[in-house]
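Notes to accompany the following structure.
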Amino acid sequence: MVSSCTRGNVTVKHDPIDFGGQVTKTTATLAGDTGTYDIIETYGFVIPGLATDEKLVPLDDLFEKYADDYDLGAISESMRKGMSFDGSLYALPMQAQMFVMAYRTDIFEDLGLEVPQTFPEMIAAAEEIQAAGLMDYPIALPWLATSDVSTSYQAVMNSLGADFVSEDGEVTLDTPVAEEALEAMLALKPYMDPQVTTFDQPKVQQQMYNGTAAMSVMFSGRMNDLTLDTNSNLSESFGFATPPKVSDAADYVYTRLSIDGWSIPFNTALDHEMLFVMMASAVSEEASKASVPAAFPAREGMMTPENSPYGEAANGSIAGAMPPVVSPFIADVTNEIRPILMQVIAGQISVAEGMEQMQAAGEAVSG
């Protein structure tokens with residue numbers, strides 16, 4: 001990032017930060033009349049809430065003014081819609097992440113296994129691997145109790161054609177689909193490390209690196225690391241595929257499409273036009289090409305099977321994803337239900353009790 005963006009007399013300084021730290025800094029900079037940052041990275045997931053609270057500057061006029069100069073029309077229209085709310089664009093899409101399955105091609109070939117197309121097939125493959133004595137817990141998913149586990153639950157519900165909230169704003173956490181989603185997650189537990197609720201995506205990567213897991217599903221931004229021989233002596237043994245569906249009857253694959261983009265906070269003191277030009281430069285064709293294969297650029301057609309080992313899987317994941325439900329309070333619902341979801345996953349409360357509590361928590365947030 002620094003080497004690509006440092007030009008002429010402009011030097012970019014960038015200190016790496018984890019997702020939780022980024023969210024904390026973004027929340028802080030948007031909390032008052034003045035903020036620390038003049039450009040912030042946002043996600044389609046939070047755009048409706050931030051737009052409703054008038055925390056971001058609408059970008060429609062600036063997009064139209066600079067569309068030709070920076071070929072902004074080449075940015076995926078669907079990603080632009082994902083960064084919009086109530087007809088206005090609030091972030092310039094920069095990249096997308098989607099779930100991708102990584103698996104051990106050597107193990108699958110040796111055992112004559114097909115790449116799983118559904119959760120039951122994934123479980124069947126795990127049982128074959130266990131029976132062969134190759135590993136105790138062949139499935140690895142990031143189910144970190146403070147974040148990832150609710151993303152996974154949402155992806156399971158999406159595969160079944162639903163979300164935490166319906167299109168008309170009703171909370172849907174006490175429905176048959178919500179129950180089916182919880183049961184599908186619980187069915188995977190026997191094939192996952194008992195400490196799974198402490199595992200974030202880097203930990204799942206580590207399971208793949210050291211050979212303690214044969215299948216994983218993570219965001220695509222984690223896939224390039226698996227191909228590097230500096231990370232693991234198994235790098236040549238990893239294959240990539242579109243994630244499975246939850247069941248044969250599911251309409252969509254198990255995935256979450258996360259769109260990342262640049263936004264202008266409402267409380268910046270700098271010129272909006274100048275900031276937009278900087279953002280437009282950051283999503284140029286040159287910058288987008290430079291990001292492949294580590295990232296999936298927002299510009300159409302940038303990632304392909306020819307320039308990325310997981311390009312085909314990533315494109316398949318996007319094609320198989322459920323269209324997003326746009327809601328100003330879905331992010332808050334997600335935060336509220338996570339502790340209850342964890343109790344269900346840990347077996348501390350029943351599925352029925354968990355559904356009842358999550359529905360009540362969701363309705364309290366949505367009003």
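Simple scheme: letters A, B, ... for chains in structure tokens order, numbers from 1 for residues in each chain, numbers from 1 for ligands in the order shown.
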- Message: From a backbone DSSP assignment, name each residue in segment 26-119 of chain A labelled helix (DSSP H, G or I), as a ChimeraX atom specification.
- Response: /A:26-29,47-52,60-66,72-74,77-82,105-111,119
- Message: Residues within 12 Å of Glu179 of chain A, please, as an MDAnalysis selection string. Count only C-alpha atoms; anything in the same chain fewer than 2 positions from it doesn't count.
- Response: chainID A and resid 153 156:157 160 162 164 172:177 181:186 341 344 350:356 358:359
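Neighbouring residues of Gln201 of chain A at 9 Å or closer, counting only C-alpha atoms and skipping chain neighbours under 5 positions away, are A:Leu141, A:Pro142, A:Trp143, A:Leu144, A:Asp148, A:Gln206, A:Met218, A:Phe219, A:Arg222.
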Env of segment 304-307 of chain A: 12 Å cut, atoms = only C-alpha atoms, seq-sep filter 2 positions within chain, self excluded. Answer as a compact mmCIF listing (two decimals) with C-alpha atoms, in the first residue's frame.
# COMPACT_ATOMS: atom_id res chain seq x y z
CA ASN A 224 -3.27 -15.51 -0.93
CA PHE A 240 -9.68 -23.33 -3.69
CA ALA A 241 -13.39 -23.66 -4.40
CA LYS A 289 -4.17 -4.28 -10.91
CA ALA A 290 -1.41 -3.93 -8.33
CA SER A 291 -3.68 -5.35 -5.63
CA VAL A 292 -4.26 -8.69 -7.40
CA PRO A 293 -4.09 -11.49 -6.23
CA ALA A 294 -4.01 -10.32 -2.60
CA ALA A 295 -7.30 -8.44 -3.03
CA PHE A 296 -10.45 -8.58 -5.18
CA PRO A 297 -10.66 -5.08 -6.73
CA GLU A 300 -15.03 -5.26 -13.13
CA GLY A 301 -13.05 -8.20 -14.47
CA MET A 302 -9.84 -7.52 -12.57
CA PRO A 309 -5.24 -19.13 -7.86
CA TYR A 310 -8.57 -18.50 -6.14
CA GLY A 311 -10.07 -16.17 -8.76
CA GLU A 312 -12.55 -18.73 -10.06
CA ALA A 313 -13.66 -19.63 -6.53
CA ALA A 314 -14.09 -15.96 -5.59
CA ASN A 315 -16.16 -15.18 -8.67
CA GLY A 316 -18.28 -18.27 -7.99
- Query: With distances taken over only C-alpha atoms, which of A:Pro93, A:Pro328, A:Pro120, A:Pro339 is nearest to Ala51 of chain A?
  - Reply: A:Pro328
- Looking at only C-alpha atoms, which of A:Ser247, A:Thr255, A:Tyr137, A:Ala178 is the one that sits closest to Thr212 of chain A?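 Closest candidate: A:Tyr137.
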Residues of segment 212-298 of chain A within 9 Å of segment 321-327 of chain A: nearest atom pair and distance (Å, one decimal) for each, counting only C-alpha atoms, sorted by chain and number, as a Markdown table?
| residue | atom | partner | partner_atom | distance |
| --- | --- | --- | --- | --- |
| A:Asp251 | CA | A:Met322 | CA | 8.0 |
| A:Tyr252 | CA | A:Ala321 | CA | 5.6 |
| A:Val253 | CA | A:Ala321 | CA | 5.9 |
| A:Tyr254 | CA | A:Ala321 | CA | 7.5 |
| A:Thr255 | CA | A:Ala321 | CA | 6.2 |
| A:Arg256 | CA | A:Ala321 | CA | 7.1 |
| A:Leu257 | CA | A:Ala321 | CA | 7.2 |
With C-alpha atoms retained, could you export that selection as a tab-separated table (two decimals), in the first residue's frame?
chain	number	residue	atom	x	y	z
A	251	ASP	CA	-30.78	-21.32	-2.88
A	252	TYR	CA	-27.39	-19.74	-2.23
A	253	VAL	CA	-23.88	-20.68	-1.16
A	254	TYR	CA	-22.51	-20.16	2.33
A	255	THR	CA	-20.87	-16.76	1.90
A	256	ARG	CA	-20.83	-13.15	2.99
A	257	LEU	CA	-19.99	-10.44	0.49
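Backbone DSSP over segment 29-139 of chain A gives strand (DSSP E) for Ile40, Glu41, Thr42, Tyr43, Ser84, Phe85, Ser88, Leu89, Leu92, Pro93, Met94, Gln95, Ala96, Gln97, Phe99, Val100, Met101, Ala102, Tyr103, Arg104 and Ile139 of chain A.
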- Task: Write out as a list in words the residues lying within 10 Å of segment 228-231 of chain A, counting only C-alpha atoms and excluding same-chain residues fewer than 5 positions away.
- Result: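 The residues satisfying every condition are Gln205, Gln206, Tyr209, Asn210, Met223 and Glu236 of chain A.
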Let me see the file: selected residues, all heavy atoms, as a short mmCIF file (atom, residue, chain, number, x, y, z; two decimals), in the first residue's frame.
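Saved the output as again-v2.cif:
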data_model
loop_
_atom_site.label_atom_id
_atom_site.label_comp_id
_atom_site.auth_asym_id
_atom_site.auth_seq_id
_atom_site.Cartn_x
_atom_site.Cartn_y
_atom_site.Cartn_z
N GLN A 205 -6.13 -19.88 9.41
CA GLN A 205 -5.00 -20.00 8.49
C GLN A 205 -3.93 -20.90 9.08
O GLN A 205 -3.37 -21.76 8.39
CB GLN A 205 -4.40 -18.62 8.20
CG GLN A 205 -5.20 -17.75 7.26
CD GLN A 205 -4.53 -16.39 7.06
OE1 GLN A 205 -4.16 -15.73 8.03
NE2 GLN A 205 -4.39 -15.98 5.83
N GLN A 206 -3.65 -20.70 10.37
CA GLN A 206 -2.62 -21.49 11.02
C GLN A 206 -2.96 -22.97 11.03
O GLN A 206 -2.08 -23.83 10.86
CB GLN A 206 -2.41 -20.99 12.46
CG GLN A 206 -1.14 -21.50 13.11
CD GLN A 206 0.10 -21.02 12.41
OE1 GLN A 206 0.21 -19.85 12.08
NE2 GLN A 206 1.04 -21.91 12.16
N TYR A 209 -2.00 -24.09 7.66
CA TYR A 209 -0.54 -24.09 7.51
C TYR A 209 0.10 -25.33 8.13
O TYR A 209 1.00 -25.93 7.55
CB TYR A 209 0.08 -22.86 8.22
CG TYR A 209 -0.19 -21.52 7.61
CD1 TYR A 209 -0.14 -20.36 8.40
CD2 TYR A 209 -0.48 -21.35 6.26
CE1 TYR A 209 -0.38 -19.11 7.88
CE2 TYR A 209 -0.72 -20.10 5.72
CZ TYR A 209 -0.66 -18.98 6.54
OH TYR A 209 -0.89 -17.73 6.02
N ASN A 210 -0.35 -25.67 9.35
CA ASN A 210 0.34 -26.74 10.09
C ASN A 210 -0.28 -28.11 9.90
O ASN A 210 0.11 -29.08 10.56
CB ASN A 210 0.46 -26.38 11.58
CG ASN A 210 -0.89 -26.24 12.26
OD1 ASN A 210 -1.89 -26.77 11.81
ND2 ASN A 210 -0.92 -25.49 13.36
N MET A 223 -6.79 -15.84 1.46
CA MET A 223 -6.41 -16.97 0.62
C MET A 223 -4.99 -16.85 0.06
O MET A 223 -4.27 -17.85 -0.05
CB MET A 223 -7.41 -17.13 -0.53
CG MET A 223 -8.79 -17.51 -0.07
SD MET A 223 -8.83 -19.11 0.79
CE MET A 223 -9.82 -18.70 2.22
N GLU A 236 1.78 -25.84 -1.69
CA GLU A 236 1.46 -26.44 -2.98
C GLU A 236 0.27 -27.39 -2.91
O GLU A 236 -0.20 -27.86 -3.95
CB GLU A 236 2.69 -27.20 -3.50
CG GLU A 236 3.90 -26.34 -3.81
CD GLU A 236 3.66 -25.42 -5.00
OE1 GLU A 236 2.92 -25.82 -5.92
OE2 GLU A 236 4.22 -24.30 -5.00
#
- Query: Which residues come within 8 Å of Leu89 of chain A, counting only C-alpha atoms, excluding same-chain residues fewer than 6 positions away, as a PyMOL selection string?
  - Reply: chain A and resi 58-60+80-81+83
- Query: Excluding same-chain residues fewer than 3 positions from Tyr43 of chain A, what lies within 6 Å of it counting only C-alpha atoms, as a list in words?
  - Reply: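 So the residues in contact are Val46, Ile259 and Asp260 of chain A.
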Only C-alpha atoms, please: the residues just picked out, written as a PDB file, in the first residue's frame.
ATOM      1  CA  VAL A  46     -22.388  -0.387   8.180  1.00  0.00           C
ATOM      2  CA  ILE A 259     -17.584  -4.522   0.159  1.00  0.00           C
ATOM      3  CA  ASP A 260     -14.877  -2.148   1.332  1.00  0.00           C
TER       4      ASP A 260
END
- Using only C-alpha atoms, which of the listed residues (A:Gln348, A:Ile107, A:Ala298, A:Gly362) sits closest to Glu77 of chain A? A:Ala298
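With distances restricted to only C-alpha atoms, A:Ala213 is the closest residue to Arg104 of chain A from A:Ala213, A:Ala126, A:Leu275, A:Leu92.
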- Message: What does the structure give for the distance between atom CA of Lys65 of chain A and atom CA of Ala282 of chain A, in Å to one decimal?
- Response: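 Atom CA of Lys65 of chain A sits 16.7 Å away from atom CA of Ala282 of chain A.
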Residues of segment 51-79 of chain A within 12 Å of segment 11-33 of chain A: nearest atom pair and distance (Å, one decimal) for each, counting only C-alpha atoms, sorted by chain and number, as a Markdown table?
| residue | atom | partner | partner_atom | distance |
| --- | --- | --- | --- | --- |
| A:Ala51 | CA | A:Leu30 | CA | 11.8 |
| A:Asp53 | CA | A:Leu30 | CA | 10.2 |
| A:Glu54 | CA | A:Leu30 | CA | 10.0 |
| A:Lys55 | CA | A:Leu30 | CA | 6.5 |
| A:Leu56 | CA | A:Leu30 | CA | 8.7 |
| A:Val57 | CA | A:Leu30 | CA | 11.8 |
For the residues selected in the previous step, produce a file with N, CA, C and O atoms as a short mmCIF file (atom, residue, chain, number, x, y, z; two decimals), in the first residue's frame.
data_model
loop_
_atom_site.label_atom_id
_atom_site.label_comp_id
_atom_site.auth_asym_id
_atom_site.auth_seq_id
_atom_site.Cartn_x
_atom_site.Cartn_y
_atom_site.Cartn_z
N ALA A 51 -25.24 6.21 7.27
CA ALA A 51 -25.96 7.15 6.42
C ALA A 51 -27.19 7.70 7.12
O ALA A 51 -27.47 8.90 7.07
N ASP A 53 -27.60 8.07 10.25
CA ASP A 53 -27.14 8.97 11.31
C ASP A 53 -26.41 10.20 10.76
O ASP A 53 -25.90 11.02 11.54
N GLU A 54 -26.34 10.31 9.43
CA GLU A 54 -25.70 11.45 8.74
C GLU A 54 -24.23 11.60 9.15
O GLU A 54 -23.74 12.71 9.37
N LYS A 55 -23.53 10.48 9.24
CA LYS A 55 -22.12 10.49 9.61
C LYS A 55 -21.18 10.53 8.40
O LYS A 55 -19.98 10.73 8.56
N LEU A 56 -21.75 10.35 7.20
CA LEU A 56 -20.93 10.31 5.99
C LEU A 56 -21.44 11.32 4.96
O LEU A 56 -22.62 11.67 4.94
N VAL A 57 -20.52 11.78 4.12
CA VAL A 57 -20.85 12.75 3.07
C VAL A 57 -21.36 12.00 1.84
O VAL A 57 -20.67 11.10 1.34
#
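Restricting the calculation to only C-alpha atoms, the smallest distance between Ile129 of chain A and any of A:Ala346, A:Ser237, A:Ser88, A:Asp106 is found for A:Asp106.
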- Query: Between atom CA of Lys203 of chain A and atom CA of Gln97 of chain A, what is the spacing in Å?
  - Reply: 18.2 Å
- Task: Could you tell me how far atom CA of Asp69 of chain A lies from atom CA of Val283 of chain A, in Å and to one decimal?
- Result: 12.2 Å
